[in-house]
Amino acid sequence: MFSRIVPRYDLLNHLLTFRLDQRWRKLTVRRCAVQPGDRVLDVCAGTGDLALAFARQSEASRVVATDFCPEMLARLPAKARRVGEEDRIGIGAADCLRLPFPDASFDVVAVAFGIRNVVDPAAGIAEMVRVLAPGGRLAVLECDVPRHRLARFGFRAYWLAIPLVVRMFCGKNAGAYRYLNESVERFARTVDLAEIFGACGLEDVRRERLTTGVAQLVSGVKKPPAGAVA
């Protein structure tokens, strides 16, 4: 499904969110407080917008983008070249549930709009924590359903109009965006990211609801090993 929508993926992401997705990614980078020389991993990277935001906004020594859909990742090299960041971004196909990296390989791990597509979000987050160095920060940016009644009504009314827009650009692949709507609603009902972060041993867990609650940003810090000296 994801490979079929690659040609219009970036355009529709920006169009359907009125480019707020870019603002949310920039906020994610700021919240991660990347230090000079840090190693950053973007999981479920898609076409790499979050990886590019890390490369452009931070002093990370290396940003690695992984996704289980190679067709999505194939768009990233050209995007990185256009902004002069091709030398700082590594790319590789990988399953979020089995990341091909040793323990504590990265100082920052982040995912934008991808964790709800993982068959077991808690296991995916646990795997991200595994490759995160002690003291490192994990951030998950994801769609959400507003808690306020009026905002929720407007949100759902907007989703009813989306198929008309998507059909103009995606034609027979418009079903992928019906999946998007369904997956957001299901994820919001069944998954509590902050609770999962706590269960994975992260500290200083924070949840920010963005733009009336249509998105959420959850972050936390990996505890140092017991007995470690600060």
# chains A, B, ... in the order shown; residues from 1 in each chain; ligands from 1
call {"tool": "residues_around", "arguments": {"residues": "stretch 116-120 of chain A", "least_positions_apart": "4", "cutoff": "12 Å", "atoms": "only C-alpha atoms", "output": "ChimeraX atom specification"}}
result
/A:1-2,43-46,67-69,95-98,111-112,124-127,140-144,179-193,196
call {"tool": "write_last_selection", "arguments": {"atoms": "N, CA and C atoms", "output": "compact mmCIF listing (two decimals), in the first residue's frame"}}
result
# COMPACT_ATOMS: atom_id res chain seq x y z
N MET A 1 0.83 -1.21 0.00
CA MET A 1 0.00 0.00 0.00
C MET A 1 0.86 1.25 0.00
N PHE A 2 1.88 1.29 0.89
CA PHE A 2 2.73 2.48 0.96
C PHE A 2 3.53 2.67 -0.32
N VAL A 43 13.13 6.36 12.69
CA VAL A 43 12.50 5.06 12.43
C VAL A 43 11.19 5.28 11.68
N CYS A 44 10.83 4.32 10.81
CA CYS A 44 9.61 4.48 9.99
C CYS A 44 9.68 5.82 9.26
N ALA A 45 10.80 6.06 8.62
CA ALA A 45 11.14 7.40 8.11
C ALA A 45 10.34 7.81 6.88
N GLY A 46 9.73 6.86 6.17
CA GLY A 46 9.02 7.22 4.95
C GLY A 46 9.97 7.82 3.92
N ASP A 67 13.21 2.47 7.15
CA ASP A 67 11.79 2.22 6.90
C ASP A 67 11.67 0.82 6.31
N PHE A 68 10.49 0.22 6.48
CA PHE A 68 10.30 -1.12 5.93
C PHE A 68 9.88 -1.09 4.46
N CYS A 69 9.69 0.10 3.89
CA CYS A 69 9.27 0.26 2.50
C CYS A 69 10.39 0.91 1.70
N ASP A 95 13.02 -3.27 9.62
CA ASP A 95 11.79 -3.48 10.35
C ASP A 95 11.92 -2.85 11.73
N CYS A 96 10.97 -2.02 12.09
CA CYS A 96 11.01 -1.35 13.40
C CYS A 96 11.06 -2.35 14.55
N LEU A 97 10.53 -3.54 14.36
CA LEU A 97 10.51 -4.54 15.43
C LEU A 97 11.83 -5.31 15.54
N ARG A 98 12.70 -5.15 14.54
CA ARG A 98 14.00 -5.84 14.55
C ARG A 98 15.05 -4.91 13.94
N VAL A 111 10.41 8.95 15.73
CA VAL A 111 9.53 8.44 14.68
C VAL A 111 8.39 9.42 14.51
N ALA A 112 8.05 9.73 13.26
CA ALA A 112 6.95 10.66 12.98
C ALA A 112 5.89 9.96 12.14
N GLY A 124 7.62 -2.13 19.26
CA GLY A 124 8.42 -1.23 18.44
C GLY A 124 9.12 -0.18 19.28
N ILE A 125 8.41 0.38 20.25
CA ILE A 125 9.01 1.37 21.13
C ILE A 125 10.10 0.74 21.99
N ALA A 126 9.86 -0.48 22.47
CA ALA A 126 10.89 -1.17 23.25
C ALA A 126 12.16 -1.39 22.42
N GLU A 127 11.99 -1.69 21.14
CA GLU A 127 13.15 -1.88 20.27
C GLU A 127 13.89 -0.56 20.05
N VAL A 140 8.22 10.46 19.88
CA VAL A 140 7.24 9.90 18.95
C VAL A 140 6.22 10.99 18.62
N LEU A 141 6.15 11.34 17.36
CA LEU A 141 5.15 12.29 16.85
C LEU A 141 4.10 11.47 16.12
N GLU A 142 2.84 11.64 16.49
CA GLU A 142 1.80 10.81 15.90
C GLU A 142 0.49 11.57 15.81
N CYS A 143 -0.35 11.16 14.87
CA CYS A 143 -1.70 11.72 14.77
C CYS A 143 -2.49 11.35 16.02
N ASP A 144 -3.53 12.13 16.29
CA ASP A 144 -4.37 11.87 17.45
C ASP A 144 -5.77 12.39 17.15
N TYR A 179 -7.46 4.06 4.97
CA TYR A 179 -6.71 3.35 6.01
C TYR A 179 -6.13 4.35 7.01
N LEU A 180 -5.64 5.48 6.53
CA LEU A 180 -5.06 6.49 7.40
C LEU A 180 -6.08 6.94 8.44
N ASN A 181 -7.28 7.27 8.00
CA ASN A 181 -8.32 7.71 8.92
C ASN A 181 -8.64 6.63 9.94
N GLU A 182 -8.83 5.41 9.45
CA GLU A 182 -9.19 4.30 10.34
C GLU A 182 -8.08 4.01 11.34
N SER A 183 -6.84 4.08 10.88
CA SER A 183 -5.72 3.75 11.77
C SER A 183 -5.55 4.81 12.86
N VAL A 184 -5.81 6.07 12.53
CA VAL A 184 -5.71 7.13 13.54
C VAL A 184 -6.76 6.92 14.63
N GLU A 185 -7.99 6.65 14.23
CA GLU A 185 -9.06 6.44 15.20
C GLU A 185 -8.77 5.22 16.08
N ARG A 186 -8.33 4.14 15.47
CA ARG A 186 -8.04 2.92 16.22
C ARG A 186 -6.88 3.13 17.19
N PHE A 187 -5.84 3.80 16.72
CA PHE A 187 -4.67 4.04 17.55
C PHE A 187 -5.04 4.90 18.76
N ALA A 188 -5.82 5.95 18.51
CA ALA A 188 -6.20 6.86 19.60
C ALA A 188 -7.02 6.14 20.67
N ARG A 189 -7.82 5.16 20.26
CA ARG A 189 -8.65 4.42 21.21
C ARG A 189 -7.87 3.40 22.02
N THR A 190 -6.84 2.82 21.45
CA THR A 190 -6.24 1.63 22.04
C THR A 190 -4.81 1.79 22.55
N VAL A 191 -4.11 2.85 22.18
CA VAL A 191 -2.69 2.96 22.52
C VAL A 191 -2.43 4.24 23.31
N ASP A 192 -1.79 4.09 24.46
CA ASP A 192 -1.37 5.24 25.28
C ASP A 192 0.16 5.29 25.23
N LEU A 193 0.68 6.19 24.43
CA LEU A 193 2.13 6.25 24.22
C LEU A 193 2.88 6.57 25.51
N ILE A 196 3.25 3.51 27.59
CA ILE A 196 4.25 2.59 27.03
C ILE A 196 5.66 3.09 27.32
call {"tool": "residues_around", "arguments": {"residues": "A:Ala133", "least_positions_apart": "2", "cutoff": "7 Å", "atoms": "only C-alpha atoms", "output": "CSV table (one decimal) with N, CA and C atoms, in the first residue's frame"}}
result
chain,number,residue,atom,x,y,z
A,104,ALA,N,22.3,0.6,22.4
A,104,ALA,CA,22.9,1.9,22.7
A,104,ALA,C,23.6,2.5,21.5
A,105,SER,N,23.1,2.3,20.3
A,105,SER,CA,23.8,2.9,19.1
A,105,SER,C,23.6,4.3,18.8
A,106,PHE,N,22.5,4.9,19.4
A,106,PHE,CA,22.1,6.3,19.0
A,106,PHE,C,21.8,7.1,20.3
A,107,ASP,N,22.0,8.4,20.1
A,107,ASP,CA,21.8,9.3,21.2
A,107,ASP,C,20.4,9.9,21.2
A,131,VAL,N,18.1,0.4,21.2
A,131,VAL,CA,19.2,1.0,20.5
A,131,VAL,C,19.5,2.4,20.9
A,135,GLY,N,20.6,7.9,28.8
A,135,GLY,CA,20.6,9.4,28.8
A,135,GLY,C,20.1,10.0,27.5
A,136,GLY,N,19.9,9.1,26.5
A,136,GLY,CA,19.4,9.6,25.2
A,136,GLY,C,17.9,9.8,25.2
call {"tool": "residues_around", "arguments": {"residues": "stretch 20-36 of chain A", "least_positions_apart": "3", "cutoff": "7 Å", "atoms": "only C-alpha atoms", "output": "short mmCIF file (atom, residue, chain, number, x, y, z; two decimals) with N, CA and C atoms, in the first residue's frame"}}
result
data_model
loop_
_atom_site.label_atom_id
_atom_site.label_comp_id
_atom_site.auth_asym_id
_atom_site.auth_seq_id
_atom_site.Cartn_x
_atom_site.Cartn_y
_atom_site.Cartn_z
N HIS A 14 1.56 17.32 3.01
CA HIS A 14 1.59 18.77 3.22
C HIS A 14 0.22 19.40 2.96
N THR A 17 -2.50 18.48 5.75
CA THR A 17 -2.26 19.08 7.08
C THR A 17 -2.03 20.58 6.99
N LEU A 50 11.50 13.85 8.45
CA LEU A 50 12.01 14.05 9.81
C LEU A 50 13.53 13.95 9.83
N ALA A 53 14.84 17.15 8.69
CA ALA A 53 14.69 18.19 9.71
C ALA A 53 15.81 18.08 10.74
N PHE A 54 16.15 16.86 11.15
CA PHE A 54 17.26 16.68 12.08
C PHE A 54 18.57 17.14 11.47
N SER A 58 19.94 20.58 13.42
CA SER A 58 20.75 20.18 14.56
C SER A 58 22.20 19.98 14.13
N GLU A 59 23.06 19.77 15.14
CA GLU A 59 24.47 19.52 14.89
C GLU A 59 24.80 18.04 15.06
N ALA A 60 23.84 17.18 14.73
CA ALA A 60 24.09 15.75 14.80
C ALA A 60 25.23 15.37 13.86
N SER A 61 26.05 14.41 14.29
CA SER A 61 27.14 13.97 13.43
C SER A 61 26.63 13.07 12.31
N VAL A 108 19.76 9.86 19.98
CA VAL A 108 18.37 10.30 19.80
C VAL A 108 17.70 9.32 18.84
N ARG A 137 17.40 10.52 24.22
CA ARG A 137 15.98 10.89 24.18
C ARG A 137 15.25 10.19 23.04
N ALA A 139 11.57 10.28 20.94
CA ALA A 139 10.42 11.13 20.65
C ALA A 139 9.52 10.46 19.62
#
call {"tool": "select_by_dssp", "arguments": {"residues": "stretch 33-211 of chain A", "states": "strand (DSSP E or B)", "output": "MDAnalysis selection string"}}
result
chainID A and resid 39:43 62:67 89:93 95 98 106:112 132:143 202:210
call {"tool": "write_last_selection", "arguments": {"atoms": "N, CA and C atoms", "output": "compact mmCIF listing (two decimals), in the first residue's frame"}}
result
# COMPACT_ATOMS: atom_id res chain seq x y z
N ARG A 39 24.33 10.99 17.52
CA ARG A 39 23.88 10.08 16.47
C ARG A 39 22.36 9.98 16.57
N VAL A 40 21.68 10.19 15.44
CA VAL A 40 20.21 10.25 15.42
C VAL A 40 19.66 9.16 14.51
N LEU A 41 18.61 8.48 14.99
CA LEU A 41 17.91 7.47 14.18
C LEU A 41 16.48 7.90 13.97
N ASP A 42 16.05 7.95 12.70
CA ASP A 42 14.66 8.22 12.32
C ASP A 42 14.05 6.89 11.88
N VAL A 43 13.13 6.36 12.69
CA VAL A 43 12.50 5.06 12.43
C VAL A 43 11.19 5.28 11.68
N ARG A 62 25.54 12.35 12.58
CA ARG A 62 24.98 11.43 11.58
C ARG A 62 23.51 11.23 11.86
N VAL A 63 22.71 11.21 10.80
CA VAL A 63 21.28 10.92 10.90
C VAL A 63 21.01 9.69 10.03
N VAL A 64 20.46 8.66 10.62
CA VAL A 64 20.16 7.43 9.89
C VAL A 64 18.64 7.30 9.76
N ALA A 65 18.17 7.06 8.53
CA ALA A 65 16.74 6.91 8.26
C ALA A 65 16.46 5.47 7.87
N THR A 66 15.51 4.83 8.58
CA THR A 66 15.12 3.47 8.24
C THR A 66 13.62 3.40 8.01
N ASP A 67 13.21 2.47 7.15
CA ASP A 67 11.79 2.22 6.90
C ASP A 67 11.67 0.82 6.31
N ILE A 89 23.30 11.97 5.99
CA ILE A 89 22.15 11.08 6.15
C ILE A 89 22.46 9.70 5.60
N GLY A 90 22.32 8.69 6.46
CA GLY A 90 22.42 7.31 6.04
C GLY A 90 21.03 6.72 5.87
N ILE A 91 20.87 5.76 4.98
CA ILE A 91 19.56 5.22 4.63
C ILE A 91 19.62 3.70 4.61
N GLY A 92 18.60 3.05 5.18
CA GLY A 92 18.55 1.60 5.13
C GLY A 92 17.17 1.06 5.40
N ALA A 93 16.77 0.03 4.64
CA ALA A 93 15.49 -0.64 4.89
C ALA A 93 15.61 -1.46 6.17
N ASP A 95 13.02 -3.27 9.62
CA ASP A 95 11.79 -3.48 10.35
C ASP A 95 11.92 -2.85 11.73
N ARG A 98 12.70 -5.15 14.54
CA ARG A 98 14.00 -5.84 14.55
C ARG A 98 15.05 -4.91 13.94
N PHE A 106 22.48 4.91 19.37
CA PHE A 106 22.08 6.26 19.01
C PHE A 106 21.80 7.10 20.26
N ASP A 107 22.05 8.39 20.12
CA ASP A 107 21.79 9.34 21.21
C ASP A 107 20.37 9.89 21.16
N VAL A 108 19.76 9.86 19.98
CA VAL A 108 18.37 10.30 19.80
C VAL A 108 17.70 9.32 18.84
N VAL A 109 16.50 8.88 19.19
CA VAL A 109 15.69 8.05 18.30
C VAL A 109 14.32 8.71 18.20
N ALA A 110 13.79 8.81 16.98
CA ALA A 110 12.50 9.47 16.79
C ALA A 110 11.72 8.79 15.68
N VAL A 111 10.41 8.95 15.73
CA VAL A 111 9.53 8.44 14.68
C VAL A 111 8.39 9.42 14.51
N ALA A 112 8.05 9.73 13.26
CA ALA A 112 6.95 10.66 12.98
C ALA A 112 5.89 9.96 12.14
N LEU A 132 18.79 2.94 21.91
CA LEU A 132 19.03 4.28 22.44
C LEU A 132 20.06 4.21 23.56
N ALA A 133 21.04 5.09 23.53
CA ALA A 133 22.06 5.13 24.57
C ALA A 133 21.47 5.65 25.87
N PRO A 134 22.01 5.21 27.02
CA PRO A 134 21.56 5.75 28.31
C PRO A 134 21.69 7.28 28.33
N GLY A 135 20.65 7.94 28.80
CA GLY A 135 20.63 9.39 28.80
C GLY A 135 20.13 9.99 27.51
N GLY A 136 19.90 9.13 26.51
CA GLY A 136 19.40 9.60 25.22
C GLY A 136 17.91 9.82 25.23
N ARG A 137 17.40 10.52 24.22
CA ARG A 137 15.98 10.89 24.18
C ARG A 137 15.25 10.19 23.04
N LEU A 138 14.06 9.70 23.36
CA LEU A 138 13.15 9.11 22.38
C LEU A 138 11.97 10.05 22.19
N ALA A 139 11.57 10.28 20.94
CA ALA A 139 10.42 11.13 20.65
C ALA A 139 9.52 10.46 19.62
N VAL A 140 8.22 10.46 19.88
CA VAL A 140 7.24 9.90 18.95
C VAL A 140 6.22 10.99 18.62
N LEU A 141 6.15 11.34 17.36
CA LEU A 141 5.15 12.29 16.85
C LEU A 141 4.10 11.47 16.12
N GLU A 142 2.84 11.64 16.49
CA GLU A 142 1.80 10.81 15.90
C GLU A 142 0.49 11.57 15.81
N CYS A 143 -0.35 11.16 14.87
CA CYS A 143 -1.70 11.72 14.77
C CYS A 143 -2.49 11.35 16.02
N LEU A 202 11.48 4.65 30.51
CA LEU A 202 11.90 6.01 30.20
C LEU A 202 11.49 6.97 31.32
N GLU A 203 12.30 7.98 31.52
CA GLU A 203 12.04 9.00 32.53
C GLU A 203 11.65 10.32 31.87
N ASP A 204 11.19 11.26 32.68
CA ASP A 204 10.83 12.60 32.20
C ASP A 204 9.91 12.51 30.98
N VAL A 205 8.92 11.62 31.07
CA VAL A 205 8.01 11.41 29.94
C VAL A 205 7.03 12.59 29.85
N ARG A 206 6.94 13.15 28.65
CA ARG A 206 6.07 14.31 28.43
C ARG A 206 5.22 14.10 27.20
N ARG A 207 3.95 14.48 27.32
CA ARG A 207 3.05 14.43 26.17
C ARG A 207 2.57 15.84 25.86
N GLU A 208 2.72 16.26 24.60
CA GLU A 208 2.21 17.56 24.15
C GLU A 208 1.15 17.30 23.10
N ARG A 209 -0.02 17.90 23.28
CA ARG A 209 -1.06 17.80 22.27
C ARG A 209 -0.94 19.03 21.37
N LEU A 210 -0.89 18.79 20.07
CA LEU A 210 -0.58 19.84 19.11
C LEU A 210 -1.81 20.19 18.28
call {"tool": "atom_distance", "arguments": {"atom1": "atom CA of A:Arg19", "atom2": "atom CA of A:Phe113"}}
result
14.2 Å
call {"tool": "select_by_dssp", "arguments": {"residues": "stretch 26-219 of chain A", "states": "alpha helix (DSSP H)", "output": "MDAnalysis selection string"}}
result
chainID A and resid 26:32 49:57 70:73 76:82 121:130 149:170 175:190 193:199
call {"tool": "residues_around", "arguments": {"residues": "A:Ala78", "least_positions_apart": "6", "cutoff": "12 Å", "atoms": "only C-alpha atoms", "output": "list in words"}}
result
Thr47, Gly48, Asp49, Leu52, Met72, Gly84, Glu85, Glu86, Asp87 and Ile89 of chain A
